[in-house]
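Data from my_file11.txt: compact mmCIF, C-alpha atoms
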```txt
# COMPACT_ATOMS: atom_id res chain seq x y z
CA SER Y 292 0.00 0.00 0.00
CA ARG Y 293 0.95 3.65 -0.57
CA GLU Y 294 3.50 2.72 -3.20
CA GLU Y 295 3.85 4.35 -6.57
CA VAL Y 296 4.83 2.25 -9.57
CA THR Y 297 5.79 3.83 -12.87
CA MET Y 298 6.09 1.55 -15.88
CA LEU Y 299 8.23 2.83 -18.76
CA PRO Y 300 8.04 0.40 -21.68
CA PHE Y 301 10.70 0.66 -24.36
CA ASN Y 302 11.75 -0.81 -27.66
CA THR Y 303 13.74 1.29 -30.15
CA HIS Y 304 13.09 4.21 -27.76
CA PRO Y 305 11.32 4.78 -24.43
CA THR Y 306 7.55 5.13 -24.77
CA ALA Y 307 5.01 6.95 -22.60
CA PRO Y 308 5.23 6.14 -18.88
CA ARG Y 309 2.22 5.01 -16.88
CA THR Y 310 2.08 5.59 -13.13
CA PHE Y 311 0.00 3.60 -10.67
CA THR Y 312 -0.53 4.67 -7.06
CA LEU Y 313 -1.54 2.00 -4.59
CA PRO Y 314 -4.02 3.22 -1.97
CA GLU Y 315 -3.38 2.60 1.70
CA SER Y 316 -6.36 0.28 1.92
CA ALA Y 317 -7.82 -2.09 -0.66
CA PRO Y 318 -4.97 -1.90 -3.21
CA GLN Y 319 -6.16 -4.93 -5.24
CA ALA Y 320 -7.93 -2.93 -7.97
CA GLU Y 321 -4.75 -0.95 -8.67
CA LEU Y 322 -2.63 -4.11 -8.53
CA ASP Y 323 -4.97 -5.64 -11.11
CA GLN Y 324 -4.43 -2.59 -13.34
CA ILE Y 325 -0.64 -2.99 -13.05
CA LYS Y 326 -0.95 -6.67 -13.95
CA SER Y 327 -3.20 -5.87 -16.91
CA PHE Y 328 -0.84 -3.18 -18.18
CA ALA Y 329 2.19 -5.46 -17.89
CA GLY Y 330 0.28 -8.33 -19.51
CA GLY Y 331 -0.51 -6.11 -22.48
CA LEU Y 332 3.12 -5.31 -23.24
CA VAL Y 333 4.44 -6.85 -26.45
CA ALA Y 334 8.06 -7.14 -27.55
CA ASP Y 335 8.29 -5.00 -30.67
CA GLY Y 336 11.30 -3.37 -32.24
CA GLY Y 337 14.81 -2.86 -30.95
CA THR Y 338 16.21 -2.37 -27.49
CA ALA Y 339 17.09 1.12 -26.23
CA ILE Y 340 18.22 0.19 -22.73
CA TYR Y 341 20.31 3.24 -21.89
CA ASP Y 342 18.03 5.90 -23.37
CA SER Y 343 15.18 4.32 -21.42
CA LEU Y 344 17.20 4.19 -18.23
CA THR Y 345 18.14 7.86 -18.61
CA ARG Y 346 14.46 8.68 -19.23
CA ALA Y 347 13.47 6.78 -16.08
CA TYR Y 348 15.86 8.92 -14.04
CA GLN Y 349 14.40 12.06 -15.61
CA ILE Y 350 10.84 10.95 -14.78
CA LEU Y 351 11.69 10.10 -11.19
CA GLY Y 352 13.73 13.25 -10.60
CA ALA Y 353 15.50 13.65 -7.31
CA ALA Y 354 14.36 10.98 -4.89
CA ASP Y 355 12.36 12.16 -1.90
CA ALA Y 356 14.39 11.53 1.25
CA ASP Y 357 11.22 10.22 2.95
CA HIS Y 358 10.66 7.54 0.31
CA PHE Y 359 12.76 4.74 -1.09
CA THR Y 360 12.97 5.13 -4.85
CA SER Y 361 14.48 2.53 -7.15
CA ILE Y 362 14.48 1.54 -10.79
CA VAL Y 363 13.95 -2.04 -11.93
CA LEU Y 364 15.34 -2.45 -15.44
CA MET Y 365 14.06 -5.54 -17.22
CA THR Y 366 15.48 -6.44 -20.62
CA ASP Y 367 15.52 -9.53 -22.80
CA GLY Y 368 18.20 -8.39 -25.17
CA GLU Y 369 21.32 -6.42 -25.79
CA ASN Y 370 21.21 -2.68 -26.31
CA GLN Y 371 20.68 -2.06 -30.03
CA ASN Y 372 19.34 1.49 -30.21
CA GLY Y 373 20.24 4.91 -28.88
CA SER Y 374 23.00 5.54 -26.38
CA ASP Y 375 25.47 2.86 -25.41
CA LEU Y 376 26.78 2.04 -21.93
CA SER Y 377 29.50 4.69 -22.06
CA GLY Y 378 26.88 7.27 -23.10
CA PHE Y 379 24.77 6.35 -20.07
CA GLN Y 380 27.80 6.47 -17.79
CA SER Y 381 28.49 10.03 -19.01
CA ALA Y 382 24.84 11.07 -18.65
CA TYR Y 383 24.73 9.54 -15.16
CA GLN Y 384 26.96 12.34 -13.88
CA ASN Y 385 23.99 14.71 -14.27
CA LEU Y 386 21.32 12.37 -12.89
CA PRO Y 387 20.12 11.91 -9.28
CA HIS Y 388 22.64 9.45 -7.87
CA GLN Y 389 20.60 8.26 -4.93
CA ILE Y 390 18.37 6.02 -7.11
CA PRO Y 391 19.70 2.44 -7.39
CA VAL Y 392 19.00 0.34 -10.47
CA PHE Y 393 18.09 -3.32 -10.00
CA THR Y 394 18.61 -5.02 -13.34
CA VAL Y 395 16.74 -8.17 -14.33
CA LEU Y 396 18.40 -10.21 -17.04
CA PHE Y 397 16.41 -12.27 -19.56
CA GLY Y 398 17.36 -13.87 -22.85
CA GLU Y 399 20.48 -12.47 -24.42
CA GLY Y 400 20.97 -9.36 -22.31
CA SER Y 401 24.57 -8.46 -21.56
CA GLN Y 402 25.27 -9.55 -18.01
CA ASP Y 403 28.55 -7.61 -17.99
CA GLU Y 404 26.86 -4.34 -18.97
CA LEU Y 405 23.99 -4.83 -16.53
CA ASN Y 406 26.54 -5.54 -13.78
CA GLN Y 407 28.25 -2.25 -14.61
CA VAL Y 408 24.93 -0.37 -14.41
CA ALA Y 409 24.06 -1.96 -11.07
CA THR Y 410 27.51 -1.24 -9.64
CA LEU Y 411 27.48 2.37 -10.85
CA THR Y 412 24.04 3.06 -9.36
CA GLY Y 413 24.27 1.05 -6.15
CA GLY Y 414 21.84 -1.61 -7.33
CA LYS Y 415 22.19 -5.30 -8.10
CA VAL Y 416 21.79 -7.70 -11.04
CA PHE Y 417 19.21 -10.47 -10.94
CA ASP Y 418 19.40 -13.28 -13.48
CA ALA Y 419 15.86 -14.37 -14.35
CA ARG Y 420 17.00 -16.78 -17.06
CA ASN Y 421 17.11 -19.67 -14.59
CA THR Y 422 15.07 -18.29 -11.70
CA ASP Y 423 11.34 -17.78 -11.29
CA LEU Y 424 10.49 -14.11 -11.82
CA THR Y 425 8.34 -14.08 -8.67
CA LYS Y 426 11.41 -15.02 -6.61
CA VAL Y 427 13.46 -12.32 -8.34
CA PHE Y 428 10.90 -9.66 -7.39
CA GLN Y 429 10.71 -10.96 -3.84
CA GLU Y 430 14.47 -10.56 -3.56
CA ILE Y 431 14.38 -7.07 -5.06
CA ARG Y 432 11.59 -6.22 -2.60
CA GLY Y 433 13.94 -7.20 0.22
CA TYR Y 434 16.24 -4.31 -0.74
CA GLN Y 435 13.40 -1.87 -0.34
```
Please re-express this file's structure in structure tokens.
Amino acid sequence: SREEVTMLPFNTHPTAPRTFTLPESAPQAELDQIKSFAGGLVADGGTAIYDSLTRAYQILGAADADHFTSIVLMTDGENQNGSDLSGFQSAYQNLPHQIPVFTVLFGEGSQDELNQVATLTGGKVFDARNTDLTKVFQEIRGYQ
């Protein structure tokens, strides 16, 4: 309850974000909307990991000291569009540094690059290629 979840789908570029706010009581309706939104996502186009990650930081802005803010980056492929890792590392210097990135690896994503992102931002990499996604999110939840 009282959490805010912003989904930022991406393919060849980041698309429009959608924010969900869970009420303090009876959050199930909003949870169902999150599930429906996520279930409607379709892999289409390339993979702009670093442009999308930069956009996520811009959307979140400076983290509120009273709230824990994090980014969960889920990708099933290697970055093919937009900025590369070094471009993100340069852009990161002008982004709010107190937001960790928890990366979730699927398919052919570059574990080395996602490790670098997690290390740079104070997050962690989770490999969902051989682990149930529910367990991955439970572990990420433990960091929050």
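Distance-wise, CA of Ala329 (chain Y) and CA of Asn372 (chain Y) end up 22.2 Å apart.
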Closest pair table for region 337-410 of chain Y residues within 10 Å of region 307-321 of chain Y, all atoms listed in the file, as CSV:
```
residue,atom,partner,partner_atom,distance
Y:Arg346,CA,Y:Pro308,CA,9.6
Y:Ala347,CA,Y:Pro308,CA,8.7
Y:Ile350,CA,Y:Pro308,CA,8.5
```
Take the point (26.5, -3.5, -21.1) as written in the file and pick out every residue within 9 Å of it, counting all atoms listed in the file; give the list as a short mmCIF file (atom, residue, chain, number, x, y, z; two decimals) with C-alpha atoms, in the coordinates of the input.
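To be explicit, this is the file written out as point28.cif:
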```cif
data_model
loop_
_atom_site.label_atom_id
_atom_site.label_comp_id
_atom_site.auth_asym_id
_atom_site.auth_seq_id
_atom_site.Cartn_x
_atom_site.Cartn_y
_atom_site.Cartn_z
CA GLU Y 369 21.32 -6.42 -25.79
CA ASN Y 370 21.21 -2.68 -26.31
CA ASP Y 375 25.47 2.86 -25.41
CA LEU Y 376 26.78 2.04 -21.93
CA SER Y 377 29.50 4.69 -22.06
CA GLY Y 400 20.97 -9.36 -22.31
CA SER Y 401 24.57 -8.46 -21.56
CA GLN Y 402 25.27 -9.55 -18.01
CA ASP Y 403 28.55 -7.61 -17.99
CA GLU Y 404 26.86 -4.34 -18.97
CA LEU Y 405 23.99 -4.83 -16.53
CA ASN Y 406 26.54 -5.54 -13.78
CA GLN Y 407 28.25 -2.25 -14.61
CA VAL Y 408 24.93 -0.37 -14.41
#
```
Inset, instruction - List the neighbours of region 357-367 of chain Y out to 10 Å using all atoms listed in the file; skip same-chain residues closer than 5 positions along the sequence, and give me the result as a PyMOL selection string. - result: chain Y and resi 294-302+334+338-341+343-344+347-348+351-352+389-401+405+408-409+412-417+419-420+428+431+434-435
What does the file look like for those residues with C-alpha atoms, as a compact mmCIF listing (two decimals), keeping the file's coordinate frame?
```txt
# COMPACT_ATOMS: atom_id res chain seq x y z
CA GLU Y 294 3.50 2.72 -3.20
CA GLU Y 295 3.85 4.35 -6.57
CA VAL Y 296 4.83 2.25 -9.57
CA THR Y 297 5.79 3.83 -12.87
CA MET Y 298 6.09 1.55 -15.88
CA LEU Y 299 8.23 2.83 -18.76
CA PRO Y 300 8.04 0.40 -21.68
CA PHE Y 301 10.70 0.66 -24.36
CA ASN Y 302 11.75 -0.81 -27.66
CA ALA Y 334 8.06 -7.14 -27.55
CA THR Y 338 16.21 -2.37 -27.49
CA ALA Y 339 17.09 1.12 -26.23
CA ILE Y 340 18.22 0.19 -22.73
CA TYR Y 341 20.31 3.24 -21.89
CA SER Y 343 15.18 4.32 -21.42
CA LEU Y 344 17.20 4.19 -18.23
CA ALA Y 347 13.47 6.78 -16.08
CA TYR Y 348 15.86 8.92 -14.04
CA LEU Y 351 11.69 10.10 -11.19
CA GLY Y 352 13.73 13.25 -10.60
CA GLN Y 389 20.60 8.26 -4.93
CA ILE Y 390 18.37 6.02 -7.11
CA PRO Y 391 19.70 2.44 -7.39
CA VAL Y 392 19.00 0.34 -10.47
CA PHE Y 393 18.09 -3.32 -10.00
CA THR Y 394 18.61 -5.02 -13.34
CA VAL Y 395 16.74 -8.17 -14.33
CA LEU Y 396 18.40 -10.21 -17.04
CA PHE Y 397 16.41 -12.27 -19.56
CA GLY Y 398 17.36 -13.87 -22.85
CA GLU Y 399 20.48 -12.47 -24.42
CA GLY Y 400 20.97 -9.36 -22.31
CA SER Y 401 24.57 -8.46 -21.56
CA LEU Y 405 23.99 -4.83 -16.53
CA VAL Y 408 24.93 -0.37 -14.41
CA ALA Y 409 24.06 -1.96 -11.07
CA THR Y 412 24.04 3.06 -9.36
CA GLY Y 413 24.27 1.05 -6.15
CA GLY Y 414 21.84 -1.61 -7.33
CA LYS Y 415 22.19 -5.30 -8.10
CA VAL Y 416 21.79 -7.70 -11.04
CA PHE Y 417 19.21 -10.47 -10.94
CA ALA Y 419 15.86 -14.37 -14.35
CA ARG Y 420 17.00 -16.78 -17.06
CA PHE Y 428 10.90 -9.66 -7.39
CA ILE Y 431 14.38 -7.07 -5.06
CA TYR Y 434 16.24 -4.31 -0.74
CA GLN Y 435 13.40 -1.87 -0.34
```
Inset, instruction - For CA of Asp423 (chain Y) and CA of Lys326 (chain Y), quote the distance in Å rounded to one decimal. - result: 16.8 Å
To box region 312-316 of chain Y, take all atoms listed in the file, fit an axis-aligned box, add 4 Å on each side, and give centre and edge lengths in Å to one decimal, as JSON.
```
{"center_x": -3.4, "center_y": 2.5, "center_z": -2.6, "size_x": 13.8, "size_y": 12.4, "size_z": 17.0}
```
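Separating CA of Gln324 (chain Y) from CA of Thr303 (chain Y) is a distance of 25.1 Å.
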Legend entry - Residue with smallest distance to Gly368 (chain Y) - pool Y:Gln380, Y:His388, Y:Asp335, Y:Gln349, counting only C-alpha atoms: Y:Asp335
Inset, instruction - Counting all atoms listed in the file, figure out which residue out of Y:Leu322, Y:Gly433, Y:Phe328, Y:Thr345 gets nearest to Asn385 (chain Y). - result: Y:Thr345
Would you mind putting all heavy atoms back on region 396-407 of chain Y and writing the result as a PDB file, in the frame of the given file?
```
ATOM      1  N   LEU Y 396      17.879  -9.683 -15.782  1.00  0.00           N
ATOM      2  CA  LEU Y 396      18.400 -10.210 -17.040  1.00  0.00           C
ATOM      3  C   LEU Y 396      17.527 -11.341 -17.557  1.00  0.00           C
ATOM      4  O   LEU Y 396      17.201 -12.270 -16.827  1.00  0.00           O
ATOM      5  CB  LEU Y 396      19.824 -10.715 -16.796  1.00  0.00           C
ATOM      6  CG  LEU Y 396      20.610 -11.271 -17.956  1.00  0.00           C
ATOM      7  CD1 LEU Y 396      20.813 -10.199 -19.026  1.00  0.00           C
ATOM      8  CD2 LEU Y 396      21.955 -11.771 -17.461  1.00  0.00           C
ATOM      9  N   PHE Y 397      17.129 -11.224 -18.829  1.00  0.00           N
ATOM     10  CA  PHE Y 397      16.410 -12.270 -19.560  1.00  0.00           C
ATOM     11  C   PHE Y 397      17.169 -12.538 -20.844  1.00  0.00           C
ATOM     12  O   PHE Y 397      17.941 -11.696 -21.303  1.00  0.00           O
ATOM     13  CB  PHE Y 397      15.012 -11.788 -19.982  1.00  0.00           C
ATOM     14  CG  PHE Y 397      14.063 -11.567 -18.870  1.00  0.00           C
ATOM     15  CD1 PHE Y 397      13.870 -10.297 -18.361  1.00  0.00           C
ATOM     16  CD2 PHE Y 397      13.320 -12.608 -18.369  1.00  0.00           C
ATOM     17  CE1 PHE Y 397      12.965 -10.082 -17.355  1.00  0.00           C
ATOM     18  CE2 PHE Y 397      12.405 -12.393 -17.360  1.00  0.00           C
ATOM     19  CZ  PHE Y 397      12.230 -11.126 -16.849  1.00  0.00           C
ATOM     20  N   GLY Y 398      16.884 -13.626 -21.493  1.00  0.00           N
ATOM     21  CA  GLY Y 398      17.360 -13.870 -22.850  1.00  0.00           C
ATOM     22  C   GLY Y 398      18.832 -13.582 -23.051  1.00  0.00           C
ATOM     23  O   GLY Y 398      19.682 -14.085 -22.341  1.00  0.00           O
ATOM     24  N   GLU Y 399      19.106 -12.722 -24.020  1.00  0.00           N
ATOM     25  CA  GLU Y 399      20.480 -12.470 -24.420  1.00  0.00           C
ATOM     26  C   GLU Y 399      21.027 -11.146 -23.911  1.00  0.00           C
ATOM     27  O   GLU Y 399      21.970 -10.610 -24.472  1.00  0.00           O
ATOM     28  CB  GLU Y 399      20.558 -12.520 -25.949  1.00  0.00           C
ATOM     29  CG  GLU Y 399      20.173 -13.869 -26.500  1.00  0.00           C
ATOM     30  CD  GLU Y 399      20.143 -13.900 -28.009  1.00  0.00           C
ATOM     31  OE1 GLU Y 399      20.608 -12.935 -28.650  1.00  0.00           O
ATOM     32  OE2 GLU Y 399      19.654 -14.893 -28.545  1.00  0.00           O
ATOM     33  N   GLY Y 400      20.457 -10.601 -22.872  1.00  0.00           N
ATOM     34  CA  GLY Y 400      20.970  -9.360 -22.310  1.00  0.00           C
ATOM     35  C   GLY Y 400      22.421  -9.518 -21.880  1.00  0.00           C
ATOM     36  O   GLY Y 400      22.858 -10.602 -21.517  1.00  0.00           O
ATOM     37  N   SER Y 401      23.157  -8.430 -21.914  1.00  0.00           N
ATOM     38  CA  SER Y 401      24.570  -8.460 -21.560  1.00  0.00           C
ATOM     39  C   SER Y 401      24.745  -8.387 -20.052  1.00  0.00           C
ATOM     40  O   SER Y 401      24.569  -7.331 -19.453  1.00  0.00           O
ATOM     41  CB  SER Y 401      25.311  -7.294 -22.228  1.00  0.00           C
ATOM     42  OG  SER Y 401      26.626  -7.218 -21.728  1.00  0.00           O
ATOM     43  N   GLN Y 402      25.102  -9.506 -19.453  1.00  0.00           N
ATOM     44  CA  GLN Y 402      25.270  -9.550 -18.010  1.00  0.00           C
ATOM     45  C   GLN Y 402      26.378  -8.595 -17.569  1.00  0.00           C
ATOM     46  O   GLN Y 402      26.253  -7.924 -16.548  1.00  0.00           O
ATOM     47  CB  GLN Y 402      25.563 -10.972 -17.531  1.00  0.00           C
ATOM     48  CG  GLN Y 402      25.598 -11.068 -16.016  1.00  0.00           C
ATOM     49  CD  GLN Y 402      25.567 -12.500 -15.532  1.00  0.00           C
ATOM     50  OE1 GLN Y 402      25.483 -13.448 -16.318  1.00  0.00           O
ATOM     51  NE2 GLN Y 402      25.620 -12.678 -14.234  1.00  0.00           N
ATOM     52  N   ASP Y 403      27.452  -8.513 -18.341  1.00  0.00           N
ATOM     53  CA  ASP Y 403      28.550  -7.610 -17.990  1.00  0.00           C
ATOM     54  C   ASP Y 403      28.077  -6.162 -17.946  1.00  0.00           C
ATOM     55  O   ASP Y 403      28.352  -5.439 -16.991  1.00  0.00           O
ATOM     56  CB  ASP Y 403      29.701  -7.766 -18.995  1.00  0.00           C
ATOM     57  CG  ASP Y 403      30.840  -6.809 -18.682  1.00  0.00           C
ATOM     58  OD1 ASP Y 403      31.369  -6.860 -17.547  1.00  0.00           O
ATOM     59  OD2 ASP Y 403      31.194  -5.990 -19.560  1.00  0.00           O
ATOM     60  N   GLU Y 404      27.339  -5.726 -18.955  1.00  0.00           N
ATOM     61  CA  GLU Y 404      26.860  -4.340 -18.970  1.00  0.00           C
ATOM     62  C   GLU Y 404      25.867  -4.079 -17.848  1.00  0.00           C
ATOM     63  O   GLU Y 404      25.922  -3.036 -17.199  1.00  0.00           O
ATOM     64  CB  GLU Y 404      26.239  -4.002 -20.328  1.00  0.00           C
ATOM     65  CG  GLU Y 404      27.259  -3.818 -21.417  1.00  0.00           C
ATOM     66  CD  GLU Y 404      26.685  -3.232 -22.695  1.00  0.00           C
ATOM     67  OE1 GLU Y 404      25.514  -2.779 -22.689  1.00  0.00           O
ATOM     68  OE2 GLU Y 404      27.414  -3.222 -23.702  1.00  0.00           O
ATOM     69  N   LEU Y 405      24.970  -5.030 -17.606  1.00  0.00           N
ATOM     70  CA  LEU Y 405      23.990  -4.830 -16.530  1.00  0.00           C
ATOM     71  C   LEU Y 405      24.673  -4.821 -15.168  1.00  0.00           C
ATOM     72  O   LEU Y 405      24.247  -4.107 -14.260  1.00  0.00           O
ATOM     73  CB  LEU Y 405      22.893  -5.884 -16.607  1.00  0.00           C
ATOM     74  CG  LEU Y 405      22.013  -5.812 -17.862  1.00  0.00           C
ATOM     75  CD1 LEU Y 405      20.918  -6.864 -17.805  1.00  0.00           C
ATOM     76  CD2 LEU Y 405      21.429  -4.431 -18.063  1.00  0.00           C
ATOM     77  N   ASN Y 406      25.740  -5.601 -15.008  1.00  0.00           N
ATOM     78  CA  ASN Y 406      26.540  -5.540 -13.780  1.00  0.00           C
ATOM     79  C   ASN Y 406      27.154  -4.157 -13.601  1.00  0.00           C
ATOM     80  O   ASN Y 406      27.184  -3.615 -12.492  1.00  0.00           O
ATOM     81  CB  ASN Y 406      27.651  -6.588 -13.795  1.00  0.00           C
ATOM     82  CG  ASN Y 406      27.200  -7.931 -13.292  1.00  0.00           C
ATOM     83  OD1 ASN Y 406      26.394  -8.023 -12.381  1.00  0.00           O
ATOM     84  ND2 ASN Y 406      27.718  -8.993 -13.896  1.00  0.00           N
ATOM     85  N   GLN Y 407      27.654  -3.582 -14.692  1.00  0.00           N
ATOM     86  CA  GLN Y 407      28.250  -2.250 -14.610  1.00  0.00           C
ATOM     87  C   GLN Y 407      27.210  -1.201 -14.217  1.00  0.00           C
ATOM     88  O   GLN Y 407      27.497  -0.307 -13.421  1.00  0.00           O
ATOM     89  CB  GLN Y 407      28.913  -1.889 -15.938  1.00  0.00           C
ATOM     90  CG  GLN Y 407      30.179  -2.683 -16.213  1.00  0.00           C
ATOM     91  CD  GLN Y 407      30.851  -2.249 -17.492  1.00  0.00           C
ATOM     92  OE1 GLN Y 407      31.169  -1.080 -17.654  1.00  0.00           O
ATOM     93  NE2 GLN Y 407      31.062  -3.196 -18.399  1.00  0.00           N
TER      94      GLN Y 407
END
```
